[in-house]
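Enquirer: Just passing along the structure, written as C-alpha cells.
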Amino acid sequence: MSYKPVTKKIVEALENIVGKEYVNDSVPMRYAYVSKGIMGLESTPAEVIVRPKNVEEIQKVLMLANENKTPVTPVAGGLSGGFASPLITPSGILLDLSRMDRILEVDTDARYMVVEPGVRSGTVWAYFRKNYPEWAPPVPDGAPPAATVMGDALERGFSMVTGRYGPQADMILSTEVVVPTGDIIYTGSWALPGAKPFYKWGIGPDIGGLFLGAQGTMGVVTKAAVKIVPHPHYKTVVVYGMDNPYDMQDATLEVSKYEMGIADHCVMVQGGNWPLVMARWPQDKVPTDFEFYKKAGFSEWWMNFEVWAHSQEELDFVTKRINEIMKGYEAKTGHSLPEQKLHPKQIASRLKKPNKIAVPYSLWNAGFLFITWYTPWKDCAEFAEIYNEKMVEHGFPPVMWIASIDHCRQAICMPIVCYDATKPDDVDKVQDLNRETTEIFMEKGWVEYRPDPYVHAPMMYGRAETYHKILKKIRAIWDPNYIMHPGRLAIP
Amino acid sequence: MERLDKMKKQIYRCIHCGACRFAYSGEPDRAGIGEHEGTLYEGIVLGCPAGRSKEWEGFYNSGKMWMARAVLEEDLVPDEAMRDIIFQCTTCGNCAAQCENKIPTVDVIEALRATLVEKGIPLGPKTAGLGKNIKEKNNPYNEPHAERTSWFKGKKTKTAKTAYFVGCTGAYRIKNVAEATERLFRKIGEPLAVLEDEVCCGSPLFRTGQIDEALRVMRQNIETFKQYKTVVFSCAGCYRTFKVDYPKYSGKPLPFKPVHTLEYIADLMKQGKLKITKEFNKKVTWHDPCHLTRHIADDIEKRRLEESKNWFMDTRAIEKEKEAWYELPRYVLSQIPGVKFVEMYRIKENTWCCGAGGGVKTQYPELAIDTVKERIKEAEATGAEAIVTSCPFCFLNLRDGIKETGSKLELYELIELLDSLVS
C-alpha cells in the first residue's frame with residue numbers, strides 16, 4: 001500500500017476535530033511515545049499525536065485519515081510494549097485514547113462492566129475495592145497497574161483469574177468499534193440496538209473475534225463489556241517445587257483436570273524456574289548459581305496455586321485436596337514435589353493485584369522482551385525445555401514463566417529474554433533466537449500470543465494462506481485503504 | 001551529553017510500563033483516606049505533577065526517558081520544543097521511587113537539561129536569570145551579597161564547631177526561618193557559626209543544567225565551610241545539594257558532615273537532650289519536601305546498592321533504612337505535646353510534590369500553583385487545621401497556594417514552630 005504523510009492541512013483538520021490542545025506534532029513529543037521492548041522491538045515515531053475524547057471525534061479522525069490514506073495507530077492508555085507504536089513510514093497518526101477513561105457501567109447481576117480504552121488496571125481495581133468489594137474486575141496479573149483493561153483484552157492476554165475463566169478475550173462480552181469508513185460496529189448482544197452486553201455470541205454469526213488479537217489493525221475499540229467475577233475474601237497461595245518442567249506440567253494438570261470443586265477455586269496457577277527470581281536483579285549484583293537460591297528455599301521449578309474461596313472451610317478443603325493430589329503424584333512417579341511453606345508476608349505479596357512483578361527484568365542487563373506463546377498445557381514443559389536451551393545458546397539467561405489458562409486446557413508460556421538494548425548486536429541476537437524458535441514451534445503447531453510483524457506474522461500467515469486471504473478481504477470492507485496500524489499483522 | 005551517555009544503560013531499561021505516573025503504583029489495594037472533592041485517595045493515584053497538569057506522554061517521566069534515548073541515538077536533536085517539555089518538571093523524584101527498574105530519573109532529566117544548555121538552546125528567561133544573578137551576586141534573587149547575613153543580629157561565635165548554611169531563601173526571603181534556626185540552636189546550647197562568605201549552594205543551577213556556574217559555587221562553599229566539623233541546614237534544597245550533588249560532582253566526600261536541622265533535633269530528642277513541654281493543640285499534617293525526604297532516601301538506596309554485592313539479600317535492609325529516614329519528621333512532631341497528627345494519603349516515598357522544585361516556580365509559576373493546589377486539597381481531606389513542612393520552597397509555594405485557594409489551613413515551618421515552643 002502507498003500511504004501519504006501527514007501534512008500541515010491534515011494537522012489543522014485534526015485540530016478542528018478534537019481541538020488544538022489535543023493535537024501535538026512536536027518532534028520531541030513524537031519521540032516520547034516511542035517504545036521498544038517488553039512486547040515488541042519495532043517502533044517508529046508518529047507524525048502527529050491526537051487525543052480524542054469520544055466516539056464522534058474518533059469517527060471524524062478515521063474518516064479524514066481514510067480519505068487521505070494516512071496510517072492510524074490506536075493506543076489504549078499506556079505503552080507497555082512496542083506494539084502500540086507505528087511501524088512504517090510515513091507513520092501517520094497515533095491515536096492516544098487515554099482521555100477516554102471512564103468506567104461506564106457495572107452490572108453485578110449480569111456480571112459485567114463497561115469500560116473505555118483508557119481505564120487502567122490499577123484504577124479499576126481501586127474502584128471495585130471501594131464500590132463493589134464482592135466483585136473483581138479481571139485485571140492482568142503481572143502487567144503493571146498502569147496497563148489498560150482494554151489493551152489486555154484486545155491482545156488476548158491473561159488475567160488474575162485466567163486459570164479459572166480462560167484468556168482475557170474470553171471475558172469480553174461485547175465491543176463498540178469505530179472503523180475507517182466511519183461506521184460503528186457493535187459486537188456480541190450489543191449488535192441489537194438497545195440490548196445489554198449480556199451475551200457474547202451476538203445476533204447470529206458474531207464478528208467480535210475479529211477485533212481480539214488484531215493489535216489495532218481492524219479498527220478502534222471504543223468500549224468493551226468485560227465479565228466481572230466474584231471476589232471472595234478467603235485467599236491463599238500454595239506452592240510446590242519440582243526439579244524439572246515435566247513434573248510441573250503433569251502434576252499441575254492432575255489438579256486442574258478436576259475443574260469443579262478444586263481447580264475452579266484456583267484462579268491463578270502459574271510457575272516457572274529459578275532464573276525467574278535471579279534475573280530480577282543486575283547480573284553483577286546477584287548470585288548466578290542455583291545453590292544460592294536452593295538455600296533460600298527455591299526449587300529449580302515451581303508452581304503457585306492461588307486459591308480463592310467463600311469460607312475458611314472451603315479454602316482448607318481445596319488446599320488439602322491439592323496437597324493430596326500432589327502427594328499422589330509423588331507416590332505414583334517417585335518424584336519429589338516438596339510444598340514450599342510461604343511466610344504470610346510472601347502470601348500477601350503474591351495476592352496483591354495488579355502488581356509490578358513482571359517489570360524489573362531490565363535490571364539484569366538493559367532491556368527485556370516477552371516472546372509469548374500459547375501451547376496445549378501438555379506441551380508446556382517441552383516448550384520450556386526447547387526455549388531455555390535456545391536462550392542459553394544465544395547468550396541469554398533461561399528465564400521461563402508459565403501460567404495455566406482455563407484449567408490447564410492451554411498454557412501461556414512466557415520466556416523473558418533479558419538483553420542489552422544499548423547494543424544493536426544484542427537486538428539482532430534476540431531476533432535470531434525468535435526466528436529459530438518460531439520455525440520449530442510452527443512445526444509443533446504452537447500459537448504466538450502477539451505475533452510480531454517481521455517474524456511471527458509472516459511465518460504464521462505463510463502457513464495459513466486461505467485464512468490470511470479472507471482476513472485481508474474482511475478488513476478491506478471497512479478499511480479499504482488499510483490505514484489501521486499498517487504492517488503490524490501482515491494484513492497487509 | 002557526556003553525563004547522559006554515562007547513564008545510557010540505565011536509560012535503556014525503560015519499558016514504558018507507566019508506573020512512574022502514579023503514587024503507590026504497586027499498591028492498588030492500599031487503604032486510604034477516602035474521597036474528597038472528587039478525588040479518591042485510595043489505591044494508585046496520579047503522582048506526577050507535570051503529567052497530571054499537561055497530560056501528554058512527554059510530560060510524564062517515561063516519555064522523557066524515550067526522548068533521552070532518541071537524543072543518545074541522535075534521532076532527536078535538542079531544541080526549544082524539547083526544552084519546554086523537559087523544564088516543565090519539578091524533578092520531584094516520584095518517578096524514580098516508582099521505577100522497578102531503578103532508573104535514576106531525576107539524574108537523567110537533569111542531564112537532559114544540561115545537554116540542552118551544552119547545545120546552546122536558550123534557557124527560559126527566568127531560568128537564565130537564576131544563573132546570571134548567582135554569577136553576579138551569589139544568589140538567585142539579585143540581592144546584594146553584603147545583605148546575606150543582615151538577618152543575623154547576634155554575636156558572631158568564633159568557637160562554634162558547627163556552622164549554619166542559611167541558603168539564599170532563608171537569607172533573603174524568609175528570614176524568620178533563619179532567625180528561628182539560629183535562635184533555637186542557641187537555646188539548646190549549640191551555637192552556630194554564620195558565615196558571610198557563604199554563597200548560593202547551586203541547587204537552582206544543578207537542577208536547571210547550568211553546571212559550570214554550579215561547580216564554581218560548590219567549590220567556594222566547600223572551601224568556606226571546610227574548617228567545620230558539622231554544617232547544619234534549614235533549607236531542604238541546600239541540604240540535598242550538599243549531601244547528594246557535591247560529592248557526585250566533586251568526586252570526593254565532603255570535608256564536613258552535612259546535617260539537616262530536622263535530623264539534628266530528632267537526635268537530641270532521642271538522646272533526651274531536648275524535651276518540648278509547651279503544648280501545640282492542633283490537628284496537624286506533614287508535607288514531605290521532596291529534597292529533604294524522597295531525594296535523600298533515594299540517595300541512601302543508591303549508595304547502599306552501589307556497595308552491595310547481593311541486591312537480593314540487601315534490599316530489605318535498605319528499605320528499612322529509608323523508612324527510618326522518612327519517619328524522622330513524624331517522630332519530631334510526635335514529641336510535641338498537644339499535636340494530633342494526621343497523615344495525608346501521598347506521603348514519604350509516594351509524596352505529592354509542592355510544585356516549586358526543579359526551577360518550575362521561577363519559570364512556570366502556573367504549573368507550580370496548579371500542583372500545590374492539589375496538595376492543599378489533599379491536606380484538607382485529612383481534616384487538619386495546620387500543615388507543617390521544613391523547606392523554604394515548599395513553604396513559599398504552600399503559602400501561595402493557600403492564598404490562591406482561600407484555604408483555612410494554617411502553615412508552619414517546623415523549626416520555627418519548635419523555636420516557638422522551646423523557651
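Letters for chains follow the order of the C-alpha cells (A, B, ...), residue numbers begin at 1 for each chain, and ligand numbers begin at 1 in the order shown.
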Taking the DSSP secondary structure from the backbone, can you list the residues of segment 248-434 of chain A that are helix (DSSP H, G or I), as a PyMOL selection string?

Expert: chain A and resi 248-256+263-265+275-278+283-285+290-295+312-333+344-351+360-362+377-393+424-434

Enquirer: Residues of chain A within 6 Å of chain B, counting only C-alpha atoms, what are they? List them as a list in words.

Expert: Pro28, Met29, Tyr31, Ala32, Gly37, Leu79, Ser80, Gly122, Ala126, Ala146, Lys285, Val286, Asn355, Lys356, Pro360, Ser362, Leu363, Ala366 and Gly367 of chain A

Enquirer: Would you save the residues of that selection, restricted to all heavy atoms, as a tab-separated table (two decimals), in the first residue's frame?

Expert:
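The new file out.tsv reads:
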chain	number	residue	atom	x	y	z
A	28	PRO	N	10.00	16.31	19.68
A	28	PRO	CA	10.31	15.59	20.93
A	28	PRO	C	9.11	14.84	21.48
A	28	PRO	O	9.26	13.73	22.00
A	28	PRO	CB	10.76	16.69	21.88
A	28	PRO	CG	10.44	17.98	21.24
A	28	PRO	CD	10.32	17.74	19.78
A	29	MET	N	7.92	15.41	21.35
A	29	MET	CA	6.74	14.71	21.87
A	29	MET	C	6.50	13.42	21.09
A	29	MET	O	6.12	12.40	21.66
A	29	MET	CB	5.50	15.61	21.79
A	29	MET	CG	4.30	15.04	22.52
A	29	MET	SD	4.61	14.80	24.28
A	29	MET	CE	4.49	16.48	24.88
A	31	TYR	N	8.73	11.51	19.84
A	31	TYR	CA	9.68	10.51	20.34
A	31	TYR	C	9.29	10.01	21.74
A	31	TYR	O	9.62	8.90	22.13
A	31	TYR	CB	11.11	11.04	20.33
A	31	TYR	CG	11.75	10.85	18.99
A	31	TYR	CD1	11.79	11.88	18.06
A	31	TYR	CD2	12.27	9.61	18.61
A	31	TYR	CE1	12.34	11.70	16.80
A	31	TYR	CE2	12.83	9.41	17.36
A	31	TYR	CZ	12.86	10.46	16.45
A	31	TYR	OH	13.40	10.26	15.21
A	32	ALA	N	8.59	10.86	22.48
A	32	ALA	CA	8.17	10.45	23.82
A	32	ALA	C	7.22	9.25	23.77
A	32	ALA	O	7.11	8.50	24.73
A	32	ALA	CB	7.49	11.62	24.54
A	37	GLY	N	10.63	-2.76	23.37
A	37	GLY	CA	10.95	-3.63	24.49
A	37	GLY	C	9.70	-4.21	25.08
A	37	GLY	O	8.59	-3.83	24.71
A	79	LEU	N	1.70	2.39	27.16
A	79	LEU	CA	2.56	1.96	26.05
A	79	LEU	C	3.41	0.78	26.47
A	79	LEU	O	4.56	0.67	26.09
A	79	LEU	CB	3.46	3.11	25.63
A	79	LEU	CG	2.77	4.23	24.85
A	79	LEU	CD1	3.62	5.48	24.88
A	79	LEU	CD2	2.55	3.81	23.41
A	80	SER	N	2.86	-0.08	27.30
A	80	SER	CA	3.70	-1.17	27.81
A	80	SER	C	3.97	-2.18	26.70
A	80	SER	O	3.37	-3.21	26.60
A	80	SER	CB	3.04	-1.85	29.01
A	80	SER	OG	1.76	-2.29	28.65
A	122	GLY	N	-5.02	-0.65	37.60
A	122	GLY	CA	-4.92	-0.19	38.99
A	122	GLY	C	-6.11	0.65	39.38
A	122	GLY	O	-6.63	0.55	40.50
A	126	ALA	N	-9.02	-0.31	42.23
A	126	ALA	CA	-9.34	0.55	43.38
A	126	ALA	C	-10.83	0.90	43.37
A	126	ALA	O	-11.48	0.96	44.43
A	126	ALA	CB	-8.49	1.82	43.34
A	146	ALA	N	-0.56	0.27	35.49
A	146	ALA	CA	-0.86	1.32	34.51
A	146	ALA	C	-1.35	0.73	33.19
A	146	ALA	O	-1.85	1.46	32.33
A	146	ALA	CB	0.38	2.17	34.26
A	285	LYS	N	25.16	-8.19	40.37
A	285	LYS	CA	24.82	-7.86	41.76
A	285	LYS	C	23.98	-8.95	42.41
A	285	LYS	O	23.23	-8.69	43.36
A	285	LYS	CB	24.04	-6.55	41.79
A	285	LYS	CG	24.85	-5.32	41.40
A	285	LYS	CD	25.72	-4.86	42.56
A	285	LYS	CE	26.35	-3.51	42.30
A	285	LYS	NZ	27.22	-3.12	43.40
A	286	VAL	N	24.08	-10.16	41.90
A	286	VAL	CA	23.28	-11.25	42.46
A	286	VAL	C	23.96	-12.58	42.14
A	286	VAL	O	24.60	-12.70	41.08
A	286	VAL	CB	21.84	-11.17	41.88
A	286	VAL	CG1	21.78	-11.63	40.44
A	286	VAL	CG2	20.83	-11.93	42.71
A	355	ASN	N	0.05	-6.00	39.97
A	355	ASN	CA	1.35	-5.78	40.60
A	355	ASN	C	2.42	-5.51	39.55
A	355	ASN	O	2.13	-5.49	38.35
A	355	ASN	CB	1.71	-7.01	41.43
A	355	ASN	CG	1.59	-8.25	40.58
A	355	ASN	OD1	2.13	-8.31	39.48
A	355	ASN	ND2	0.87	-9.26	41.05
A	356	LYS	N	3.63	-5.33	40.02
A	356	LYS	CA	4.69	-4.97	39.08
A	356	LYS	C	5.71	-6.11	38.94
A	356	LYS	O	6.85	-5.88	38.61
A	356	LYS	CB	5.39	-3.69	39.57
A	356	LYS	CG	4.45	-2.49	39.63
A	356	LYS	CD	5.20	-1.16	39.80
A	356	LYS	CE	5.61	-0.91	41.21
A	356	LYS	NZ	6.17	0.44	41.45
A	360	PRO	N	10.68	-5.68	36.54
A	360	PRO	CA	12.10	-5.32	36.76
A	360	PRO	C	13.14	-6.11	35.97
A	360	PRO	O	14.32	-6.06	36.31
A	360	PRO	CB	12.27	-5.54	38.27
A	360	PRO	CG	11.30	-6.59	38.61
A	360	PRO	CD	10.14	-6.42	37.68
A	362	SER	N	14.50	-5.52	33.31
A	362	SER	CA	15.52	-4.69	32.62
A	362	SER	C	16.78	-4.56	33.46
A	362	SER	O	17.82	-4.16	32.95
A	362	SER	CB	14.97	-3.29	32.37
A	362	SER	OG	14.20	-3.25	31.20
A	363	LEU	N	16.65	-4.85	34.75
A	363	LEU	CA	17.81	-4.68	35.63
A	363	LEU	C	18.94	-5.65	35.28
A	363	LEU	O	20.11	-5.34	35.46
A	363	LEU	CB	17.40	-4.89	37.09
A	363	LEU	CG	16.72	-3.72	37.80
A	363	LEU	CD1	16.23	-4.16	39.17
A	363	LEU	CD2	17.66	-2.53	37.93
A	366	ALA	N	19.86	-4.43	30.14
A	366	ALA	CA	19.26	-3.12	29.87
A	366	ALA	C	18.14	-3.31	28.85
A	366	ALA	O	18.19	-2.80	27.74
A	366	ALA	CB	20.29	-2.14	29.36
A	367	GLY	N	17.15	-4.06	29.24
A	367	GLY	CA	16.03	-4.31	28.33
A	367	GLY	C	15.59	-5.76	28.42
A	367	GLY	O	16.37	-6.64	28.81

Enquirer: For segment 172-185 of chain B, find every residue with an atom within 8 Å (counting only C-alpha atoms), except residues of its own chain fewer than 3 positions away, and show them as number ranges by chain.

Expert: B: 141, 143, 147-148, 151-152, 164, 166, 168-169, 188-192, 234, 261, 392, 413, 415-416, 418-419, 422

Enquirer: Okay, now the selection with C-alpha atoms, as a compact mmCIF listing (two decimals), in the first residue's frame?

Expert:
# COMPACT_ATOMS: atom_id res chain seq x y z
CA TYR B 141 17.24 36.78 43.89
CA GLU B 143 20.04 40.80 46.12
CA GLU B 147 22.97 41.77 52.76
CA ARG B 148 23.22 37.99 53.01
CA TRP B 151 19.08 38.99 59.32
CA PHE B 152 21.65 37.90 61.91
CA TYR B 164 24.88 27.09 59.67
CA VAL B 166 21.49 29.53 55.69
CA CYS B 168 19.52 32.19 49.76
CA THR B 169 15.81 31.85 50.55
CA ILE B 188 19.67 24.30 73.14
CA GLY B 189 23.28 25.20 73.78
CA GLU B 190 24.63 24.55 70.30
CA PRO B 191 25.55 28.00 68.94
CA LEU B 192 26.02 28.10 65.19
CA SER B 234 17.40 24.56 57.40
CA THR B 261 18.05 20.69 61.36
CA PRO B 392 11.60 27.18 52.26
CA GLU B 413 7.74 25.83 59.20
CA ILE B 415 11.93 24.74 63.01
CA GLU B 416 10.08 27.99 63.51
CA LEU B 418 9.85 24.27 67.51
CA ASP B 419 11.59 27.56 68.30
CA VAL B 422 11.21 25.97 73.35

Enquirer: Let me make sure I understand: among A:Val229, A:Val124, A:Ala191, A:Met460, which one has the smallest atom-to-atom distance to Thr438 of chain A if we use only C-alpha atoms?

Expert: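 Distance minimum relative to Thr438 of chain A lands on A:Met460.
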
Enquirer: So which residues touch Lys472 of chain A within 12 Å, counting only C-alpha atoms, skipping near sequence neighbours fewer than 6 positions away, as a PDB file with N, CA and C atoms, in the first residue's frame?

Expert:
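Wrote selection_24.pdb, looks like this:
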ATOM      1  N   LEU A 210     -12.935 -10.813  15.459  1.00  0.00           N
ATOM      2  CA  LEU A 210     -12.040 -10.158  14.505  1.00  0.00           C
ATOM      3  C   LEU A 210     -11.245  -9.016  15.132  1.00  0.00           C
ATOM      4  N   ALA A 214      -6.226  -8.318  17.158  1.00  0.00           N
ATOM      5  CA  ALA A 214      -5.958  -7.592  15.916  1.00  0.00           C
ATOM      6  C   ALA A 214      -4.862  -6.546  16.084  1.00  0.00           C
ATOM      7  N   THR A 217      -5.276  -3.337  14.191  1.00  0.00           N
ATOM      8  CA  THR A 217      -5.288  -3.344  12.727  1.00  0.00           C
ATOM      9  C   THR A 217      -6.697  -3.407  12.141  1.00  0.00           C
ATOM     10  N   MET A 218      -7.710  -3.644  12.962  1.00  0.00           N
ATOM     11  CA  MET A 218      -9.046  -3.835  12.408  1.00  0.00           C
ATOM     12  C   MET A 218     -10.012  -2.698  12.736  1.00  0.00           C
ATOM     13  N   TYR A 461       1.124 -16.604   8.891  1.00  0.00           N
ATOM     14  CA  TYR A 461       0.168 -16.450   7.792  1.00  0.00           C
ATOM     15  C   TYR A 461       0.656 -17.146   6.517  1.00  0.00           C
ATOM     16  N   GLU A 465      -2.649 -19.681   4.454  1.00  0.00           N
ATOM     17  CA  GLU A 465      -2.874 -18.771   3.335  1.00  0.00           C
ATOM     18  C   GLU A 465      -4.330 -18.395   3.148  1.00  0.00           C
ATOM     19  N   THR A 466      -5.212 -19.359   3.228  1.00  0.00           N
ATOM     20  CA  THR A 466      -6.638 -19.052   2.999  1.00  0.00           C
ATOM     21  C   THR A 466      -7.166 -18.153   4.102  1.00  0.00           C
ATOM     22  N   TRP A 478     -14.234  -2.563   5.715  1.00  0.00           N
ATOM     23  CA  TRP A 478     -14.371  -1.318   6.485  1.00  0.00           C
ATOM     24  C   TRP A 478     -13.078  -0.508   6.571  1.00  0.00           C
ATOM     25  N   ASP A 479     -12.003  -1.068   5.985  1.00  0.00           N
ATOM     26  CA  ASP A 479     -10.748  -0.315   5.958  1.00  0.00           C
ATOM     27  C   ASP A 479     -10.158  -0.454   4.555  1.00  0.00           C
ATOM     28  N   PRO A 480     -10.822   0.156   3.566  1.00  0.00           N
ATOM     29  CA  PRO A 480     -10.441  -0.096   2.167  1.00  0.00           C
ATOM     30  C   PRO A 480      -9.021   0.333   1.830  1.00  0.00           C
ATOM     31  N   ASN A 481      -8.478   1.298   2.567  1.00  0.00           N
ATOM     32  CA  ASN A 481      -7.106   1.750   2.284  1.00  0.00           C
ATOM     33  C   ASN A 481      -6.095   1.182   3.267  1.00  0.00           C
ATOM     34  N   TYR A 482      -6.535   0.245   4.078  1.00  0.00           N
ATOM     35  CA  TYR A 482      -5.657  -0.419   5.056  1.00  0.00           C
ATOM     36  C   TYR A 482      -4.873   0.598   5.891  1.00  0.00           C
ATOM     37  N   PRO A 486      -0.855  -0.098   9.883  1.00  0.00           N
ATOM     38  CA  PRO A 486      -0.322  -0.909   8.785  1.00  0.00           C
ATOM     39  C   PRO A 486       1.024  -1.558   9.123  1.00  0.00           C
ATOM     40  N   LEU A 489       0.345  -6.618  11.441  1.00  0.00           N
ATOM     41  CA  LEU A 489      -0.007  -8.039  11.455  1.00  0.00           C
ATOM     42  C   LEU A 489       0.103  -8.700  10.082  1.00  0.00           C
ATOM     43  N   ALA A 490       0.761  -8.027   9.187  1.00  0.00           N
ATOM     44  CA  ALA A 490       0.908  -8.578   7.836  1.00  0.00           C
ATOM     45  C   ALA A 490      -0.427  -8.769   7.140  1.00  0.00           C
ATOM     46  N   ILE A 491      -1.406  -7.906   7.482  1.00  0.00           N
ATOM     47  CA  ILE A 491      -2.690  -7.964   6.753  1.00  0.00           C
ATOM     48  C   ILE A 491      -3.054  -6.582   6.227  1.00  0.00           C
ATOM     49  N   PRO A 492      -2.415  -5.957   5.315  1.00  0.00           N
ATOM     50  CA  PRO A 492      -1.146  -6.387   4.714  1.00  0.00           C
ATOM     51  C   PRO A 492      -0.010  -5.877   5.591  1.00  0.00           C
TER      52      PRO A 492
END

Enquirer: List as a PyMOL selection string the protein and nucleic acid residues near Gln210 of chain B, meaning an atom at most 7 Å away when only C-alpha atoms are counted, but skip any in the same chain fewer than 2 places from it.

Expert: chain B and resi 114+117+131+205-206+208+212-214
